[in-house]
Amino acid sequence: MAVPFIDLRRFEDGFLESWSERCRQLTLGTQFVGGPAVEAFEARMAAYCGTAHAVGCANGTDALQLALRASGVGPGDVVLLPDATFWATLEAVVNCGAQPVTVDIDPTDLQMDFELFRKAVETYSPKAAILVHLYGWASHRLADYRSFCRERGLVLVEDGAQVCGSEVDGRSVFADCRLATLSFYPAKVLGANGDAGMVLCQDDALATRLRQLTNHGRSSHYGHTQVGWNSRLGGFEASYLSLGLDHLPERLASRRRAATFYRRRLAELDIRCIAAPQGQLENGYLNVCLHSPEVRGELEAVLRQQQIGFGNVYPCSVSQQPGAQGVLAGKIGGAEAERLAKGVLNLPLFAHIEDHELEEVLSTVATALQGIRQ
Ligand SMILES: Cc1ncc(COP(=O)(O)O)c(C=O)c1O
């Protein structure tokens, strides 16, 4: 039986009917860009994430660039980022005219290593840092990052594209952040029907700058106080996301159940499956298994043959990408991010994956491993 890596068609009862009705209303209302649907979604997200402001924008990459630019990051500034992240994190830095420096990861939680980060701050005197909450959880040193950056006056942007719905000590992972970003790319835990993103922040003046940047630097319809661009959120995306937010508790429960299933049952097969640090509740964005490169290759061949979907998030560290050459201003640490890239394997995990699909994936992996280990 084939099992997809991800399936975005597992709609809850009544979802499609509600969406059809919303499409009708939105079309009749003709509020296609901005408008009440966007404002309502922004207000709900600010409440959900525990931040004072939530500013919708065109996508998660723009959200990062908006956060950096609204914080005054520009040409000549150094910005630190983890060596294990999606390429967009680096793009946002470079597209602001700033200089990216990568920091290696901690192999225990796969997030940027805090001690190496401190070393990078001493070495490069950065203006800002992007802390990426990768795989559905945050660094076990999250509180240290926040207090260190606050004390040093260092801009900390939290790339939360992969942690919507995750919690730290029983509260939203964003509740104590100063500035964070979200991506609503369809495959995310809260996904749109197209591209969409958001910047979360606590400060009123910062929120105003962010709003202006998303909308041509506007202070009034034809008044432009700065040079921004067009990164506005559309009404259809916002409305679809609001509907998704209504169903988020069920989606999170389903994802977390699958993540726990994998962790428990893969441990019985002696497969290393990374868990969120203590005190954190992951959102179940991804299953993250680590293998030796040889075993991973053989396992992938069997999964492919048996039509079981899988991912390698991500198969190359940022600093080893061809596009990083000539762009990176520096790199701190060893080769943990590269080791991760060579060994990471993600098994199917999505909202409303069924028990029999999970069992199918597991038995395929178990049989394949038996053959590989012989
Ligand atoms: C960690 C991370 N940062 C940034 C992005 C960029 O978001 P988008 O694709 O919405 O531009 C993504 C997702 O695609 C991501 O996973």
# chains A, B, ... in the order shown; residues from 1 in each chain; ligands from 1
>>> residues_near_ligand(ligand="ligand 1", cutoff="6 Å", atoms="only C-alpha atoms and all ligand atoms", output="PyMOL selection string")
chain A and resi 59-61+85-86+88-89+132+159+161-162+183-185+195-197
>>> residues_around(residues="Leu362 of chain A", least_positions_apart="6", cutoff="8 Å", atoms="only C-alpha atoms", output="ChimeraX atom specification")
/A:262,265-266
>>> select_by_dssp(residues="segment 146-350 of chain A", states="helix (DSSP H, G or I)", output="ChimeraX atom specification")
/A:146-152,204-214,235-268,293-305,318-320,322-324,336-343
>>> write_last_selection(atoms="C-alpha atoms", output="PDB file, in the first residue's frame")
ATOM      1  CA  ARG A 146      16.518  35.718  24.242  1.00  0.00           C
ATOM      2  CA  SER A 147      18.176  37.112  27.364  1.00  0.00           C
ATOM      3  CA  PHE A 148      21.667  37.211  25.797  1.00  0.00           C
ATOM      4  CA  CYS A 149      20.419  39.178  22.767  1.00  0.00           C
ATOM      5  CA  ARG A 150      18.334  41.525  24.920  1.00  0.00           C
ATOM      6  CA  GLU A 151      21.314  42.305  27.170  1.00  0.00           C
ATOM      7  CA  ARG A 152      23.634  42.883  24.181  1.00  0.00           C
ATOM      8  CA  ASP A 204       3.913  49.146  18.494  1.00  0.00           C
ATOM      9  CA  ALA A 205       6.433  51.243  16.533  1.00  0.00           C
ATOM     10  CA  LEU A 206       8.030  48.122  15.049  1.00  0.00           C
ATOM     11  CA  ALA A 207       4.574  46.873  13.996  1.00  0.00           C
ATOM     12  CA  THR A 208       3.871  50.187  12.232  1.00  0.00           C
ATOM     13  CA  ARG A 209       7.179  49.993  10.346  1.00  0.00           C
ATOM     14  CA  LEU A 210       6.434  46.400   9.367  1.00  0.00           C
ATOM     15  CA  ARG A 211       2.968  47.288   8.071  1.00  0.00           C
ATOM     16  CA  GLN A 212       4.365  50.162   6.038  1.00  0.00           C
ATOM     17  CA  LEU A 213       7.131  48.010   4.537  1.00  0.00           C
ATOM     18  CA  THR A 214       4.591  45.380   3.382  1.00  0.00           C
ATOM     19  CA  GLY A 235      -8.211  37.960   1.549  1.00  0.00           C
ATOM     20  CA  PHE A 236      -8.602  34.430   0.172  1.00  0.00           C
ATOM     21  CA  GLU A 237      -5.428  33.212   1.863  1.00  0.00           C
ATOM     22  CA  ALA A 238      -6.362  34.899   5.158  1.00  0.00           C
ATOM     23  CA  SER A 239      -9.853  33.415   5.085  1.00  0.00           C
ATOM     24  CA  TYR A 240      -8.565  29.917   4.264  1.00  0.00           C
ATOM     25  CA  LEU A 241      -6.032  30.259   7.090  1.00  0.00           C
ATOM     26  CA  SER A 242      -8.763  31.336   9.534  1.00  0.00           C
ATOM     27  CA  LEU A 243     -10.690  28.215   8.660  1.00  0.00           C
ATOM     28  CA  GLY A 244      -7.489  26.194   9.152  1.00  0.00           C
ATOM     29  CA  LEU A 245      -7.015  27.854  12.533  1.00  0.00           C
ATOM     30  CA  ASP A 246     -10.507  26.662  13.566  1.00  0.00           C
ATOM     31  CA  HIS A 247      -9.333  23.111  12.868  1.00  0.00           C
ATOM     32  CA  LEU A 248      -5.786  23.498  14.159  1.00  0.00           C
ATOM     33  CA  PRO A 249      -6.403  21.721  17.517  1.00  0.00           C
ATOM     34  CA  GLU A 250      -7.514  18.518  15.713  1.00  0.00           C
ATOM     35  CA  ARG A 251      -4.663  18.774  13.226  1.00  0.00           C
ATOM     36  CA  LEU A 252      -2.099  19.244  15.973  1.00  0.00           C
ATOM     37  CA  ALA A 253      -3.497  16.313  17.960  1.00  0.00           C
ATOM     38  CA  SER A 254      -3.280  14.071  14.900  1.00  0.00           C
ATOM     39  CA  ARG A 255       0.281  15.152  14.062  1.00  0.00           C
ATOM     40  CA  ARG A 256       1.485  14.758  17.652  1.00  0.00           C
ATOM     41  CA  ARG A 257      -0.064  11.312  17.859  1.00  0.00           C
ATOM     42  CA  ALA A 258       1.784  10.255  14.697  1.00  0.00           C
ATOM     43  CA  ALA A 259       5.052  11.778  15.937  1.00  0.00           C
ATOM     44  CA  THR A 260       4.735   9.865  19.219  1.00  0.00           C
ATOM     45  CA  PHE A 261       3.861   6.652  17.377  1.00  0.00           C
ATOM     46  CA  TYR A 262       7.025   6.905  15.283  1.00  0.00           C
ATOM     47  CA  ARG A 263       9.221   7.764  18.215  1.00  0.00           C
ATOM     48  CA  ARG A 264       8.007   4.880  20.343  1.00  0.00           C
ATOM     49  CA  ARG A 265       7.973   2.252  17.632  1.00  0.00           C
ATOM     50  CA  LEU A 266      11.178   3.319  15.863  1.00  0.00           C
ATOM     51  CA  ALA A 267      13.024   3.177  19.195  1.00  0.00           C
ATOM     52  CA  GLU A 268      12.085  -0.529  19.327  1.00  0.00           C
ATOM     53  CA  PRO A 293      24.523   7.661   5.149  1.00  0.00           C
ATOM     54  CA  GLU A 294      24.873   4.051   3.937  1.00  0.00           C
ATOM     55  CA  VAL A 295      21.833   2.784   5.832  1.00  0.00           C
ATOM     56  CA  ARG A 296      19.828   5.836   4.760  1.00  0.00           C
ATOM     57  CA  GLY A 297      20.611   5.157   1.100  1.00  0.00           C
ATOM     58  CA  GLU A 298      19.545   1.513   1.305  1.00  0.00           C
ATOM     59  CA  LEU A 299      16.423   2.335   3.302  1.00  0.00           C
ATOM     60  CA  GLU A 300      15.402   4.997   0.809  1.00  0.00           C
ATOM     61  CA  ALA A 301      15.702   2.521  -2.057  1.00  0.00           C
ATOM     62  CA  VAL A 302      13.249   0.173  -0.323  1.00  0.00           C
ATOM     63  CA  LEU A 303      10.839   2.999   0.582  1.00  0.00           C
ATOM     64  CA  ARG A 304      10.854   4.174  -3.016  1.00  0.00           C
ATOM     65  CA  GLN A 305      10.204   0.684  -4.282  1.00  0.00           C
ATOM     66  CA  VAL A 318      23.486  26.184   4.081  1.00  0.00           C
ATOM     67  CA  SER A 319      27.236  26.765   3.932  1.00  0.00           C
ATOM     68  CA  GLN A 320      27.758  23.845   1.504  1.00  0.00           C
ATOM     69  CA  PRO A 322      26.728  26.221  -4.287  1.00  0.00           C
ATOM     70  CA  GLY A 323      24.890  29.544  -3.922  1.00  0.00           C
ATOM     71  CA  ALA A 324      26.625  30.230  -0.591  1.00  0.00           C
ATOM     72  CA  GLU A 336      27.363  18.820  12.662  1.00  0.00           C
ATOM     73  CA  ALA A 337      25.040  20.436  10.106  1.00  0.00           C
ATOM     74  CA  GLU A 338      26.734  18.484   7.338  1.00  0.00           C
ATOM     75  CA  ARG A 339      26.458  15.250   9.326  1.00  0.00           C
ATOM     76  CA  LEU A 340      22.740  15.929   9.797  1.00  0.00           C
ATOM     77  CA  ALA A 341      22.293  16.590   6.069  1.00  0.00           C
ATOM     78  CA  LYS A 342      23.887  13.232   5.196  1.00  0.00           C
ATOM     79  CA  GLY A 343      21.848  11.199   7.685  1.00  0.00           C
TER      80      GLY A 343
END
>>> closest_atom_pairs(of="segment 275-343 of chain A", to="segment 2-12 of chain A", cutoff="6 Å", atoms="only C-alpha atoms", output="CSV")
residue,atom,partner,partner_atom,distance
A:Gln307,CA,A:Ala2,CA,4.8
A:Ile308,CA,A:Val3,CA,4.9
A:Gly309,CA,A:Phe5,CA,4.1
A:Phe310,CA,A:Phe5,CA,5.2
>>> select_by_dssp(residues="segment 56-284 of chain A", states="strand (DSSP E)", output="ChimeraX atom specification")
/A:56-57,78-82,99-103,128-132,155-159,167-168,171-172,179-183,197-201,218-220,223-224,272-273,280-281
>>> atom_distance(atom1="atom CA of Asn346 of chain A", atom2="atom CA of Asp169 of chain A")
26.2 Å
>>> closest_residue(among="A:Gly371, A:Gly279, A:Gly191, A:Gly14", to="Phe350 of chain A", atoms="only C-alpha atoms")
A:Gly191
>>> closest_residue(among="A:Val38, A:Asp106, A:Ile274, A:Tyr124", to="Leu26 of chain A", atoms="only C-alpha atoms")
A:Val38
>>> residues_around(residues="Val199 of chain A", least_positions_apart="3", cutoff="8 Å", atoms="only C-alpha atoms", output="PyMOL selection string")
chain A and resi 54-57+63-64+66-67+179-182+210
>>> atom_distance(atom1="atom CA of Gly74 of chain A", atom2="atom CA of Ala128 of chain A")
10.2 Å
>>> residues_around(residues="Asn215 of chain A", least_positions_apart="6", cutoff="9 Å", atoms="only C-alpha atoms", output="PyMOL selection string")
chain A and resi 228-232
>>> residues_around(residues="Glu167 of chain A", least_positions_apart="5", cutoff="8 Å", atoms="only C-alpha atoms", output="list in words")
Ser172, Val173, Gln280, Leu281, Glu282 and Asn283 of chain A
>>> closest_residue(among="A:Arg69, A:Asp83, A:Ser20, A:Thr27", to="Gln226 of chain A", atoms="only C-alpha atoms")
A:Arg69
